[in-house]
>>> print(open('final.pdb').read())   # PDB, C-alpha atoms and all ligand atoms
ATOM      1  CA  MET W 636     155.837-118.468 -96.317
ATOM      2  CA  PHE W 637     157.061-119.647 -99.749
ATOM      3  CA  ASN W 638     158.867-122.864-100.563
ATOM      4  CA  LYS W 639     162.140-122.411-102.499
ATOM      5  CA  ALA W 640     160.604-122.668-105.998
ATOM      6  CA  GLU W 641     157.865-120.187-105.040
ATOM      7  CA  ARG W 642     160.452-117.712-103.787
ATOM      8  CA  ILE W 643     161.994-117.328-107.223
ATOM      9  CA  LYS W 644     158.724-117.663-109.176
ATOM     10  CA  LYS W 645     157.818-114.148-108.069
ATOM     11  CA  TYR W 646     160.756-112.851-110.146
ATOM     12  CA  LEU W 647     159.505-114.361-113.411
ATOM     13  CA  ARG W 648     157.163-113.120-116.136
ATOM     14  CA  PRO W 649     154.660-115.994-116.528
ATOM     15  CA  GLU W 650     153.402-114.618-119.845
ATOM     16  CA  MET W 651     156.854-115.394-121.368
ATOM     17  CA  TYR W 652     156.429-119.157-120.860
ATOM     18  CA  PRO W 653     156.893-121.708-122.343
ATOM     19  CA  SER W 654     160.474-120.562-122.856
ATOM     20  CA  ILE W 655     162.331-120.794-126.171
ATOM     21  CA  PHE W 656     164.903-123.199-124.672
ATOM     22  CA  CYS W 657     165.285-126.749-126.025
ATOM     23  CA  THR W 658     164.845-129.757-123.738
ATOM     24  CA  GLY W 659     168.100-130.448-121.897
ATOM     25  CA  CYS W 660     169.484-126.932-122.460
ATOM     26  CA  GLY W 661     171.339-125.606-119.405
ATOM     27  CA  ILE W 662     170.290-121.959-119.798
ATOM     28  CA  GLY W 663     167.223-122.415-117.559
ATOM     29  CA  ASN W 664     169.459-123.735-114.754
ATOM     30  CA  VAL W 665     171.528-120.563-114.940
ATOM     31  CA  LEU W 666     168.409-118.407-114.624
ATOM     32  CA  ASN W 667     167.337-120.477-111.629
ATOM     33  CA  TYR W 668     170.711-120.054-109.857
ATOM     34  CA  THR W 669     170.838-116.320-110.612
ATOM     35  CA  LEU W 670     167.364-115.708-109.185
ATOM     36  CA  ARG W 671     168.178-117.803-106.106
ATOM     37  CA  ALA W 672     171.348-115.775-105.596
ATOM     38  CA  LEU W 673     169.448-112.471-105.891
ATOM     39  CA  ASN W 674     166.813-113.745-103.474
ATOM     40  CA  GLU W 675     169.398-114.958-100.951
ATOM     41  CA  CYS W 676     171.225-111.599-101.183
ATOM     42  CA  ARG W 677     167.835-109.898-100.558
ATOM     43  CA  ILE W 678     168.368-107.643-103.545
ATOM     44  CA  ASP W 679     165.193-105.880-104.636
ATOM     45  CA  LEU W 680     164.629-106.332-108.376
ATOM     46  CA  ASP W 681     163.821-102.608-108.604
ATOM     47  CA  ASP W 682     167.521-102.074-107.860
ATOM     48  CA  VAL W 683     168.749-104.361-110.649
ATOM     49  CA  VAL W 684     169.003-103.977-114.390
ATOM     50  CA  PHE W 685     169.647-107.035-116.546
ATOM     51  CA  LEU W 686     171.443-106.695-119.856
ATOM     52  CA  SER W 687     172.266-109.068-122.674
ATOM     53  CA  GLY W 688     173.426-109.198-126.271
ATOM     54  CA  ILE W 689     172.018-111.627-128.837
ATOM     55  CA  GLY W 690     171.816-115.430-128.622
ATOM     56  CA  CYS W 691     169.767-118.085-126.799
ATOM     57  CA  SER W 692     171.555-117.201-123.537
ATOM     58  CA  SER W 693     170.934-113.508-124.155
ATOM     59  CA  ARG W 694     167.167-114.093-124.054
ATOM     60  CA  LEU W 695     167.250-114.444-120.245
ATOM     61  CA  PRO W 696     166.391-110.833-119.245
ATOM     62  CA  GLY W 697     163.040-111.284-121.011
ATOM     63  CA  TYR W 698     161.956-113.889-118.449
ATOM     64  CA  ILE W 699     162.695-111.711-115.418
ATOM     65  CA  ASP W 700     160.130-109.245-114.110
ATOM     66  CA  ALA W 701     162.641-106.392-113.889
ATOM     67  CA  ASP W 702     164.129-103.701-116.080
ATOM     68  CA  GLY W 703     166.217-105.203-118.855
ATOM     69  CA  LEU W 704     168.083-104.203-121.975
ATOM     70  CA  HIS W 705     168.261-106.769-124.776
ATOM     71  CA  THR W 706     170.963-105.016-126.794
ATOM     72  CA  THR W 707     172.888-105.721-130.003
ATOM     73  CA  HIS W 708     175.174-108.724-130.561
ATOM     74  CA  GLY W 709     178.385-108.422-128.544
ATOM     75  CA  ARG W 710     177.541-105.020-127.095
ATOM     76  CA  ALA W 711     175.906-105.861-123.753
ATOM     77  CA  LEU W 712     179.005-104.814-121.803
ATOM     78  CA  THR W 713     179.134-101.396-123.447
ATOM     79  CA  PHE W 714     175.479-100.729-122.587
ATOM     80  CA  ALA W 715     176.118-102.106-119.095
ATOM     81  CA  THR W 716     179.060 -99.725-118.621
ATOM     82  CA  GLY W 717     176.823 -96.812-119.644
ATOM     83  CA  VAL W 718     174.073 -97.883-117.228
ATOM     84  CA  LYS W 719     176.563 -98.217-114.363
ATOM     85  CA  LEU W 720     178.105 -94.795-115.023
ATOM     86  CA  ALA W 721     174.691 -93.111-115.231
ATOM     87  CA  LYS W 722     173.128 -94.959-112.286
ATOM     88  CA  PRO W 723     175.937 -96.295-110.053
ATOM     89  CA  GLU W 724     173.424 -97.244-107.353
ATOM     90  CA  LEU W 725     171.982-100.011-109.574
ATOM     91  CA  ASN W 726     173.139-103.626-109.601
ATOM     92  CA  VAL W 727     174.112-104.354-113.194
ATOM     93  CA  VAL W 728     173.824-107.995-114.286
ATOM     94  CA  VAL W 729     174.781-109.160-117.787
ATOM     95  CA  PHE W 730     173.840-112.488-119.385
ATOM     96  CA  THR W 731     176.000-113.354-122.368
ATOM     97  CA  GLY W 732     177.003-116.377-124.467
ATOM     98  CA  ASP W 733     180.490-117.503-125.456
ATOM     99  CA  GLY W 734     179.938-116.075-128.959
ATOM    100  CA  ASP W 735     178.382-112.842-127.744
ATOM    101  CA  CYS W 736     181.012-112.311-125.037
ATOM    102  CA  ALA W 737     184.205-113.464-126.731
ATOM    103  CA  GLY W 738     183.526-113.544-130.492
ATOM    104  CA  ILE W 739     181.882-110.336-131.664
ATOM    105  CA  GLY W 740     182.069-108.867-128.146
ATOM    106  CA  GLY W 741     185.620-109.944-127.315
ATOM    107  CA  ASN W 742     187.145-106.485-127.375
ATOM    108  CA  HIS W 743     184.452-105.047-125.093
ATOM    109  CA  PHE W 744     184.891-107.989-122.744
ATOM    110  CA  ILE W 745     188.616-107.506-122.171
ATOM    111  CA  HIS W 746     188.261-103.751-121.738
ATOM    112  CA  ALA W 747     185.327-103.948-119.299
ATOM    113  CA  ALA W 748     187.437-106.394-117.250
ATOM    114  CA  ARG W 749     190.530-104.150-117.592
ATOM    115  CA  ARG W 750     188.582-101.122-116.358
ATOM    116  CA  ASN W 751     187.110-103.238-113.554
ATOM    117  CA  VAL W 752     183.620-101.845-114.071
ATOM    118  CA  ASP W 753     181.306-102.866-111.217
ATOM    119  CA  MET W 754     178.995-105.440-112.796
ATOM    120  CA  THR W 755     178.165-109.137-112.648
ATOM    121  CA  VAL W 756     178.712-110.930-115.934
ATOM    122  CA  ILE W 757     177.170-114.394-116.197
ATOM    123  CA  GLU W 758     178.623-115.988-119.295
ATOM    124  CA  ILE W 759     176.887-119.148-120.477
ATOM    125  CA  ASN W 760     179.353-121.232-122.474
ATOM    126  CA  ASN W 761     177.830-123.934-124.702
ATOM    127  CA  TYR W 762     180.863-124.176-127.030
ATOM    128  CA  ASN W 763     178.981-122.972-130.086
ATOM    129  CA  TYR W 764     176.593-120.375-131.530
ATOM    130  CA  GLY W 765     173.388-122.103-130.450
ATOM    131  CA  MET W 766     170.841-119.633-131.727
ATOM    132  CA  THR W 767     172.059-119.474-135.314
ATOM    133  CA  GLY W 768     172.439-123.213-135.905
ATOM    134  CA  GLY W 769     175.608-124.365-134.169
ATOM    135  CA  GLN W 770     178.580-122.572-135.721
ATOM    136  CA  ALA W 771     182.033-122.722-134.074
ATOM    137  CA  SER W 772     182.650-120.133-131.377
ATOM    138  CA  PRO W 773     185.862-118.923-129.704
ATOM    139  CA  THR W 774     185.459-121.652-127.072
ATOM    140  CA  THR W 775     184.825-124.634-129.391
ATOM    141  CA  PRO W 776     187.414-127.250-128.374
ATOM    142  CA  VAL W 777     189.986-128.542-130.863
ATOM    143  CA  GLY W 778     188.311-131.367-132.782
ATOM    144  CA  GLY W 779     184.807-130.107-131.915
ATOM    145  CA  LEU W 780     182.261-130.681-134.682
ATOM    146  CA  THR W 781     180.110-127.697-135.614
ATOM    147  CA  THR W 782     178.425-126.493-138.806
ATOM    148  CA  THR W 783     181.510-124.393-139.582
ATOM    149  CA  SER W 784     184.009-127.068-138.488
ATOM    150  CA  PRO W 785     182.433-130.229-139.955
ATOM    151  CA  PHE W 786     185.806-132.054-139.912
ATOM    152  CA  GLY W 787     186.745-130.881-136.421
ATOM    153  CA  CYS W 788     187.782-127.464-135.162
ATOM    154  CA  VAL W 789     191.490-126.734-135.637
ATOM    155  CA  GLU W 790     191.533-123.399-133.773
ATOM    156  CA  GLN W 791     192.771-123.191-130.179
ATOM    157  CA  PRO W 792     189.909-122.127-127.881
ATOM    158  CA  PHE W 793     189.847-119.326-125.346
ATOM    159  CA  ASP W 794     189.632-120.204-121.667
ATOM    160  CA  LEU W 795     187.301-117.300-120.851
ATOM    161  CA  ALA W 796     187.807-117.452-117.085
ATOM    162  CA  ASN W 797     191.575-117.177-117.609
ATOM    163  CA  LEU W 798     191.049-114.379-120.101
ATOM    164  CA  ALA W 799     188.914-112.480-117.558
ATOM    165  CA  ILE W 800     191.638-112.909-114.912
ATOM    166  CA  GLY W 801     194.368-111.825-117.331
ATOM    167  CA  ALA W 802     192.358-108.782-118.399
ATOM    168  CA  GLY W 803     191.879-107.617-114.788
ATOM    169  CA  ALA W 804     188.571-108.920-113.397
ATOM    170  CA  SER W 805     188.153-108.750-109.598
ATOM    171  CA  TYR W 806     186.116-111.921-109.272
ATOM    172  CA  VAL W 807     186.088-115.013-111.503
ATOM    173  CA  ALA W 808     184.427-118.390-110.992
ATOM    174  CA  ARG W 809     183.414-121.278-113.219
ATOM    175  CA  TRP W 810     180.855-124.009-112.622
ATOM    176  CA  LEU W 811     178.619-126.579-114.281
ATOM    177  CA  PRO W 812     174.818-126.699-113.819
ATOM    178  CA  SER W 813     175.414-129.915-111.861
ATOM    179  CA  TYR W 814     176.935-127.793-109.034
ATOM    180  CA  PRO W 815     173.794-125.801-108.129
ATOM    181  CA  TYR W 816     174.821-124.711-104.620
ATOM    182  CA  GLU W 817     178.351-123.782-105.626
ATOM    183  CA  ALA W 818     177.198-121.888-108.728
ATOM    184  CA  THR W 819     174.583-119.985-106.695
ATOM    185  CA  ALA W 820     177.173-119.165-104.008
ATOM    186  CA  SER W 821     179.566-117.795-106.654
ATOM    187  CA  ILE W 822     176.828-115.666-108.235
ATOM    188  CA  LYS W 823     176.052-114.288-104.746
ATOM    189  CA  LYS W 824     179.711-113.360-104.273
ATOM    190  CA  ALA W 825     179.793-111.832-107.749
ATOM    191  CA  LEU W 826     176.715-109.717-106.970
ATOM    192  CA  LYS W 827     178.330-108.441-103.772
ATOM    193  CA  LYS W 828     181.737-107.800-105.365
ATOM    194  CA  LYS W 829     182.689-104.180-106.092
ATOM    195  CA  GLY W 830     184.253-104.549-109.518
ATOM    196  CA  PHE W 831     184.070-106.709-112.637
ATOM    197  CA  ALA W 832     182.758-110.113-111.544
ATOM    198  CA  PHE W 833     182.672-112.905-114.105
ATOM    199  CA  VAL W 834     180.917-116.235-113.563
ATOM    200  CA  GLU W 835     181.157-118.770-116.372
ATOM    201  CA  ILE W 836     178.736-121.678-116.463
ATOM    202  CA  LEU W 837     179.538-124.464-118.941
ATOM    203  CA  ILE W 838     176.283-125.837-120.291
ATOM    204  CA  ALA W 839     174.935-128.481-122.629
ATOM    205  CA  CYS W 840     173.467-127.381-125.960
ATOM    206  CA  PRO W 841     171.869-130.683-127.007
ATOM    207  CA  THR W 842     170.467-129.196-130.230
ATOM    208  CA  GLY W 843     173.738-127.707-131.468
ATOM    209  CA  PHE W 844     177.097-128.814-130.069
ATOM    210  CA  GLY W 845     175.610-131.839-128.287
ATOM    211  CA  LYS W 846     173.934-133.318-131.360
ATOM    212  CA  ARG W 847     176.982-132.965-133.609
ATOM    213  CA  ASN W 848     179.346-134.402-131.002
ATOM    214  CA  GLU W 849     177.098-137.285-129.961
ATOM    215  CA  ILE W 850     176.450-135.898-126.498
ATOM    216  CA  ASP W 851     172.858-134.767-127.021
ATOM    217  CA  ASP W 852     171.457-136.983-124.255
ATOM    218  CA  THR W 853     171.346-134.887-121.068
ATOM    219  CA  LYS W 854     172.962-137.510-118.842
ATOM    220  CA  GLU W 855     175.717-138.255-121.376
ATOM    221  CA  ASN W 856     176.308-134.547-121.682
ATOM    222  CA  TRP W 857     176.563-134.013-117.930
ATOM    223  CA  ASP W 858     178.926-137.037-117.701
ATOM    224  CA  TRP W 859     181.039-135.565-120.509
ATOM    225  CA  PHE W 860     181.401-132.335-118.546
ATOM    226  CA  LYS W 861     182.283-134.222-115.367
ATOM    227  CA  ASP W 862     185.102-136.026-117.240
ATOM    228  CA  ALA W 863     186.334-132.826-118.872
ATOM    229  CA  THR W 864     186.582-130.787-115.650
ATOM    230  CA  ILE W 865     188.459-130.801-112.348
ATOM    231  CA  LEU W 866     187.649-128.958-109.119
ATOM    232  CA  LYS W 867     190.238-126.306-108.253
ATOM    233  CA  GLY W 868     190.769-127.892-104.835
ATOM    234  CA  ASP W 869     191.671-131.225-106.485
ATOM    235  CA  TYR W 870     193.884-129.461-109.039
ATOM    236  CA  ASP W 871     195.779-127.640-106.282
ATOM    237  CA  ARG W 872     196.662-131.002-104.692
ATOM    238  CA  LEU W 873     198.270-132.347-107.912
ATOM    239  CA  SER W 874     202.067-132.530-108.180
ATOM    240  CA  ASP W 875     203.783-129.955-110.416
ATOM    241  CA  GLU W 876     204.252-132.634-113.066
ATOM    242  CA  GLU W 877     200.588-133.655-112.911
ATOM    243  CA  LYS W 878     199.566-129.995-113.163
ATOM    244  CA  GLN W 879     201.643-129.599-116.312
ATOM    245  CA  GLN W 880     199.959-132.599-117.864
ATOM    246  CA  ASN W 881     196.450-131.555-116.784
ATOM    247  CA  GLN W 882     194.106-131.017-119.727
ATOM    248  CA  LYS W 883     190.969-130.623-117.642
ATOM    249  CA  ILE W 884     189.032-127.390-117.215
ATOM    250  CA  LEU W 885     189.234-125.889-113.724
ATOM    251  CA  LEU W 886     185.990-125.402-111.795
ATOM    252  CA  GLY W 887     185.610-123.235-108.716
ATOM    253  CA  GLU W 888     186.438-119.755-107.521
ATOM    254  CA  LEU W 889     189.460-118.781-109.592
ATOM    255  CA  GLN W 890     189.995-115.138-108.637
ATOM    256  CA  ASN W 891     188.812-112.926-105.768
ATOM    257  CA  ILE W 892     190.822-109.740-105.291
ATOM    258  CA  GLU W 893     190.257-106.134-104.261
ATOM    259  CA  LYS W 894     191.205-103.377-106.673
ATOM    260  CA  LYS W 895     190.055 -99.906-107.720
ATOM    261  CA  GLU W 896     186.711 -99.865-109.485
ATOM    262  CA  PHE W 897     186.157 -97.761-112.587
ATOM    263  CA  THR W 898     182.820 -96.056-111.806
ATOM    264  CA  GLU W 899     184.035 -94.786-108.433
ATOM    265  CA  GLU W 900     187.340 -93.540-109.832
ATOM    266  CA  TRP W 901     185.557 -91.804-112.710
ATOM    267  CA  ARG W 902     183.048 -90.170-110.317
ATOM    268  CA  LYS W 903     185.903 -88.917-108.094
ATOM    269  CA  LEU W 904     187.582 -87.347-111.108
ATOM    270  CA  VAL W 905     184.358 -85.669-112.292
ATOM    271  CA  ASP W 906     183.665 -84.309-108.777
ATOM    272  CA  SER W 907     187.212 -82.961-108.432
ATOM    273  CA  LEU W 908     186.907 -81.159-111.773
ATOM    274  CA  ALA W 909     183.523 -79.686-110.786
ATOM    275  CA  ASP W 910     185.148 -78.141-107.678
ATOM    276  CA  LYS W 911     187.657 -76.202-109.810
TER     277      LYS W 911
HETATM  278  C1  LIG W1001     175.986-108.094-135.848
HETATM  279  C2  LIG W1001     175.391-109.482-135.813
HETATM  280  N1  LIG W1001     176.076-110.499-136.336
HETATM  281  C3  LIG W1001     175.566-111.749-136.304
HETATM  282  C4  LIG W1001     174.334-111.978-135.735
HETATM  283  C5  LIG W1001     173.771-113.370-135.756
HETATM  284  N2  LIG W1001     173.826-114.009-134.455
HETATM  285  C6  LIG W1001     172.802-113.971-133.587
HETATM  286  S1  LIG W1001     173.068-114.840-132.190
HETATM  287  C7  LIG W1001     174.609-115.309-132.760
HETATM  288  C8  LIG W1001     175.513-116.225-131.961
HETATM  289  C9  LIG W1001     175.140-116.385-130.532
HETATM  290  O1  LIG W1001     176.034-117.260-129.916
HETATM  291  P1  LIG W1001     176.275-117.215-128.354
HETATM  292  O2  LIG W1001     176.530-115.841-127.893
HETATM  293  O3  LIG W1001     177.307-118.218-128.030
HETATM  294  O4  LIG W1001     174.857-117.586-127.750
HETATM  295  P2  LIG W1001     174.008-118.943-127.728
HETATM  296  O5  LIG W1001     172.939-118.765-128.766
HETATM  297  O6  LIG W1001     174.928-120.075-128.023
HETATM  298  O7  LIG W1001     173.478-118.964-126.336
HETATM  299  C10 LIG W1001     174.882-114.771-134.011
HETATM  300  C11 LIG W1001     176.132-115.014-134.769
HETATM  301  C12 LIG W1001     173.643-110.873-135.186
HETATM  302  N3  LIG W1001     172.455-111.018-134.585
HETATM  303  N4  LIG W1001     174.187-109.638-135.234
HETATM  304  S1  LIG W1002     169.981-124.168-129.444
HETATM  305 FE1  LIG W1002     171.281-124.867-127.762
HETATM  306  S2  LIG W1002     171.644-123.047-126.488
HETATM  307 FE2  LIG W1002     169.869-122.609-127.823
HETATM  308  S3  LIG W1002     168.081-123.168-126.563
HETATM  309 FE3  LIG W1002     168.619-124.958-127.835
HETATM  310  S4  LIG W1002     169.965-126.209-126.528
HETATM  311 FE4  LIG W1002     169.880-124.143-125.620
END
>>> encode(input="final.pdb", output="structure tokens", more="lines below")
Ligand SMILES: Cc1ncc(C[n+]2csc(CCOP(=O)(O)OP(=O)(O)O)c2C)c(N)n1
Ligand code: SF4
Amino acid sequence: MFNKAERIKKYLRPEMYPSIFCTGCGIGNVLNYTLRALNECRIDLDDVVFLSGIGCSSRLPGYIDADGLHTTHGRALTFATGVKLAKPELNVVVFTGDGDCAGIGGNHFIHAARRNVDMTVIEINNYNYGMTGGQASPTTPVGGLTTTSPFGCVEQPFDLANLAIGAGASYVARWLPSYPYEATASIKKALKKKGFAFVEILIACPTGFGKRNEIDDTKENWDWFKDATILKGDYDRLSDEEKQQNQKILLGELQNIEKKEFTEEWRKLVDSLADK
């Protein structure tokens, strides 16, 4: 009955448009892929709650016609853990930025992954604090120009997908907006995964990081990402020596394992104590 665009339009709040996002920003693509994934999984929006912290990327729940919690900076995962414990039947989806997730929220991020709380975390990495004027974030690459690193960033960045894997996440994937089908497929898997599922999408922020690093044109920006990344399948075919020399960021499904999930284990404990 609906064409593809119509199918996801029903999930949006038209009164929220035009959006706050700058031309060429990748955040809208991420919303598109998330709504497509929900639609293809046939998940009723009444069974989902969207959470976020603070930042451009954290504005996404406001555009979706569903229950949402726009929380405090860096704290989306703590609220999300509370929602999941109180209402385990809900699908909990978090939108967060690299600053929100790994700067101010870094501690909550590693512990939510360690506990393996059942939620889908969609982290939108634009290599800077977009909303507040383009300061360096924990993912700004070495040499990256930002308002707080005007001569080039000298800090080593986090690889947030690797950090999620190291901390204990069940599912981890990373994509660019230029891989729409693959990104949507990973979000679908993340939604279905019982446990902490982390999908990172690397996006252009033409107004902040893009402008300062002379990649504010959308095509140039997308080309820059293509050069800076390598598909996991291609990486796996490299020789050991080539792998050691690889500087490119891996794209693809990076982790998919089964392990005990926090909410279920906690519920079992509470029930066993109630029987005593
Ligand atoms: C406690 C607190 N500290 C600082 C801020 C200011 N602040 C708002 S958004 C933001 C950075 C957001 O960066 P990121 O999460 O990467 O999102 P983006 O805007 O890049 O999507 C900061 C520092 C705040 N709102 N609250
Ligand atoms: S400042 Fe950057 S992240 Fe924020 S809306 Fe503009 S392009 Fe997107």
>>> residues_near_point(input="final.pdb", point="(169.2, -131.4, -119.1)", cutoff="6 Å", atoms="all atoms listed in the file", output="PDB file with C-alpha atoms, in the coordinates of the input")
ATOM      1  CA  GLY W 659     168.100-130.448-121.897  1.00  0.00           C
ATOM      2  CA  CYS W 660     169.484-126.932-122.460  1.00  0.00           C
ATOM      3  CA  THR W 853     171.346-134.887-121.068  1.00  0.00           C
TER       4      THR W 853
END
>>> axis_aligned_box(input="final.pdb", around="ligand LIG 1002 (chain W)", padding_each_side="5 Å", output="AutoDock Vina command-line options")
--center_x 169.9 --center_y -124.4 --center_z -127.5 --size_x 13.6 --size_y 13.6 --size_z 13.8
>>> closest_atom_pairs(input="final.pdb", of="chain W", to="ligand LIG 1002 (chain W)", cutoff="12 Å", atoms="all atoms listed in the file", output="Markdown table")
| residue | atom | partner | partner_atom | distance |
| --- | --- | --- | --- | --- |
| W:Ser654 | CA | W:LIG1002 | S3 | 8.9 |
| W:Ile655 | CA | W:LIG1002 | S3 | 6.2 |
| W:Phe656 | CA | W:LIG1002 | S3 | 3.7 |
| W:Cys657 | CA | W:LIG1002 | FE3 | 4.2 |
| W:Thr658 | CA | W:LIG1002 | S4 | 6.8 |
| W:Gly659 | CA | W:LIG1002 | S4 | 6.5 |
| W:Cys660 | CA | W:LIG1002 | S4 | 4.2 |
| W:Gly661 | CA | W:LIG1002 | FE4 | 6.5 |
| W:Ile662 | CA | W:LIG1002 | FE4 | 6.2 |
| W:Gly663 | CA | W:LIG1002 | FE4 | 8.7 |
| W:Asn664 | CA | W:LIG1002 | FE4 | 10.9 |
| W:Val665 | CA | W:LIG1002 | FE4 | 11.4 |
| W:Ile689 | CA | W:LIG1002 | FE2 | 11.2 |
| W:Gly690 | CA | W:LIG1002 | FE2 | 7.5 |
| W:Cys691 | CA | W:LIG1002 | FE2 | 4.6 |
| W:Ser692 | CA | W:LIG1002 | S2 | 6.5 |
| W:Ser693 | CA | W:LIG1002 | S2 | 9.8 |
| W:Arg694 | CA | W:LIG1002 | S3 | 9.5 |
| W:Leu695 | CA | W:LIG1002 | S3 | 10.8 |
| W:Thr731 | CA | W:LIG1002 | S2 | 11.4 |
| W:Gly732 | CA | W:LIG1002 | S2 | 8.8 |
| W:Asp733 | CA | W:LIG1002 | S2 | 10.5 |
| W:Gly734 | CA | W:LIG1002 | S2 | 11.1 |
| W:Ile759 | CA | W:LIG1002 | S2 | 8.9 |
| W:Asn760 | CA | W:LIG1002 | S2 | 8.9 |
| W:Asn761 | CA | W:LIG1002 | S2 | 6.5 |
| W:Tyr762 | CA | W:LIG1002 | S2 | 9.3 |
| W:Asn763 | CA | W:LIG1002 | S2 | 8.2 |
| W:Tyr764 | CA | W:LIG1002 | S2 | 7.6 |
| W:Gly765 | CA | W:LIG1002 | S1 | 4.1 |
| W:Met766 | CA | W:LIG1002 | FE2 | 5.0 |
| W:Thr767 | CA | W:LIG1002 | S1 | 7.8 |
| W:Gly768 | CA | W:LIG1002 | S1 | 7.0 |
| W:Gly769 | CA | W:LIG1002 | S1 | 7.4 |
| W:Gln770 | CA | W:LIG1002 | S1 | 10.8 |
| W:Leu837 | CA | W:LIG1002 | S2 | 11.0 |
| W:Ile838 | CA | W:LIG1002 | S2 | 8.2 |
| W:Ala839 | CA | W:LIG1002 | S4 | 6.7 |
| W:Cys840 | CA | W:LIG1002 | S4 | 3.7 |
| W:Pro841 | CA | W:LIG1002 | S4 | 4.9 |
| W:Thr842 | CA | W:LIG1002 | S4 | 4.8 |
| W:Gly843 | CA | W:LIG1002 | FE1 | 5.3 |
| W:Phe844 | CA | W:LIG1002 | FE1 | 7.4 |
| W:Gly845 | CA | W:LIG1002 | S4 | 8.2 |
| W:Lys846 | CA | W:LIG1002 | S4 | 9.5 |
| W:Arg847 | CA | W:LIG1002 | FE1 | 11.5 |
| W:Ile850 | CA | W:LIG1002 | S4 | 11.7 |
| W:Asp851 | CA | W:LIG1002 | S4 | 9.0 |
| W:Asp852 | CA | W:LIG1002 | S4 | 11.1 |
| W:Thr853 | CA | W:LIG1002 | S4 | 10.3 |
| W:Asn856 | CA | W:LIG1002 | S4 | 11.5 |
>>> closest_residue(input="final.pdb", among="W:Asn742, W:Thr755, W:Thr716, W:Thr775", to="ligand LIG 1001 (chain W)", atoms="all atoms listed in the file")
W:Thr775
>>> residues_around(input="final.pdb", residues="Arg648 (chain W)", least_positions_apart="5", cutoff="6 Å", atoms="only C-alpha atoms", output="number ranges by chain")
W: 698-700
>>> residues_around(input="final.pdb", residues="Tyr816 (chain W)", least_positions_apart="5", cutoff="10 Å", atoms="only C-alpha atoms", output="ChimeraX atom specification")
/W:668,671-672,821-822
>>> atom_distance(input="final.pdb", atom1="CA of Glu876 (chain W)", atom2="CA of Asp858 (chain W)")
26.1 Å
>>> residues_around(input="final.pdb", residues="region 805-813 of chain W", least_positions_apart="4", cutoff="6 Å", atoms="all atoms listed in the file", output="list in words")
Ala818, Gly830, Phe831, Ala832, Phe833, Val834, Glu835, Ile836, Leu837, Leu886, Gly887, Glu888, Leu889, Gln890, Asn891 and Ile892 of chain W
>>> resolve_selection(input="final.pdb", expression="the PyMOL selection byres (((chain W and resi 896) around 7) and not hetatm)", output="PyMOL selection string")
chain W and resi 751-753+829-830+894-895+897-900
>>> resolve_selection(input="final.pdb", expression="the PyMOL selection byres (((chain W and resi 719-721) around 10) and not hetatm)", output="list in words")
Val684, Thr713, Phe714, Ala715, Thr716, Gly717, Val718, Lys722, Pro723, Glu724, Leu725, Asn726, Val727, Val752, Asp753, Met754, Phe897, Thr898, Glu899, Trp901 and Arg902 of chain W
>>> write_last_selection(input="final.pdb", atoms="C-alpha atoms", output="short mmCIF file (atom, residue, chain, number, x, y, z; two decimals), in the frame of the given file")
data_model
loop_
_atom_site.label_atom_id
_atom_site.label_comp_id
_atom_site.auth_asym_id
_atom_site.auth_seq_id
_atom_site.Cartn_x
_atom_site.Cartn_y
_atom_site.Cartn_z
CA VAL W 684 169.00 -103.98 -114.39
CA THR W 713 179.13 -101.40 -123.45
CA PHE W 714 175.48 -100.73 -122.59
CA ALA W 715 176.12 -102.11 -119.10
CA THR W 716 179.06 -99.72 -118.62
CA GLY W 717 176.82 -96.81 -119.64
CA VAL W 718 174.07 -97.88 -117.23
CA LYS W 722 173.13 -94.96 -112.29
CA PRO W 723 175.94 -96.30 -110.05
CA GLU W 724 173.42 -97.24 -107.35
CA LEU W 725 171.98 -100.01 -109.57
CA ASN W 726 173.14 -103.63 -109.60
CA VAL W 727 174.11 -104.35 -113.19
CA VAL W 752 183.62 -101.84 -114.07
CA ASP W 753 181.31 -102.87 -111.22
CA MET W 754 179.00 -105.44 -112.80
CA PHE W 897 186.16 -97.76 -112.59
CA THR W 898 182.82 -96.06 -111.81
CA GLU W 899 184.04 -94.79 -108.43
CA TRP W 901 185.56 -91.80 -112.71
CA ARG W 902 183.05 -90.17 -110.32
#
>>> atom_distance(input="final.pdb", atom1="CA of Leu712 (chain W)", atom2="CA of Asp906 (chain W)")
24.7 Å
>>> atom_distance(input="final.pdb", atom1="CA of Leu780 (chain W)", atom2="CA of Asn881 (chain W)")
22.9 Å
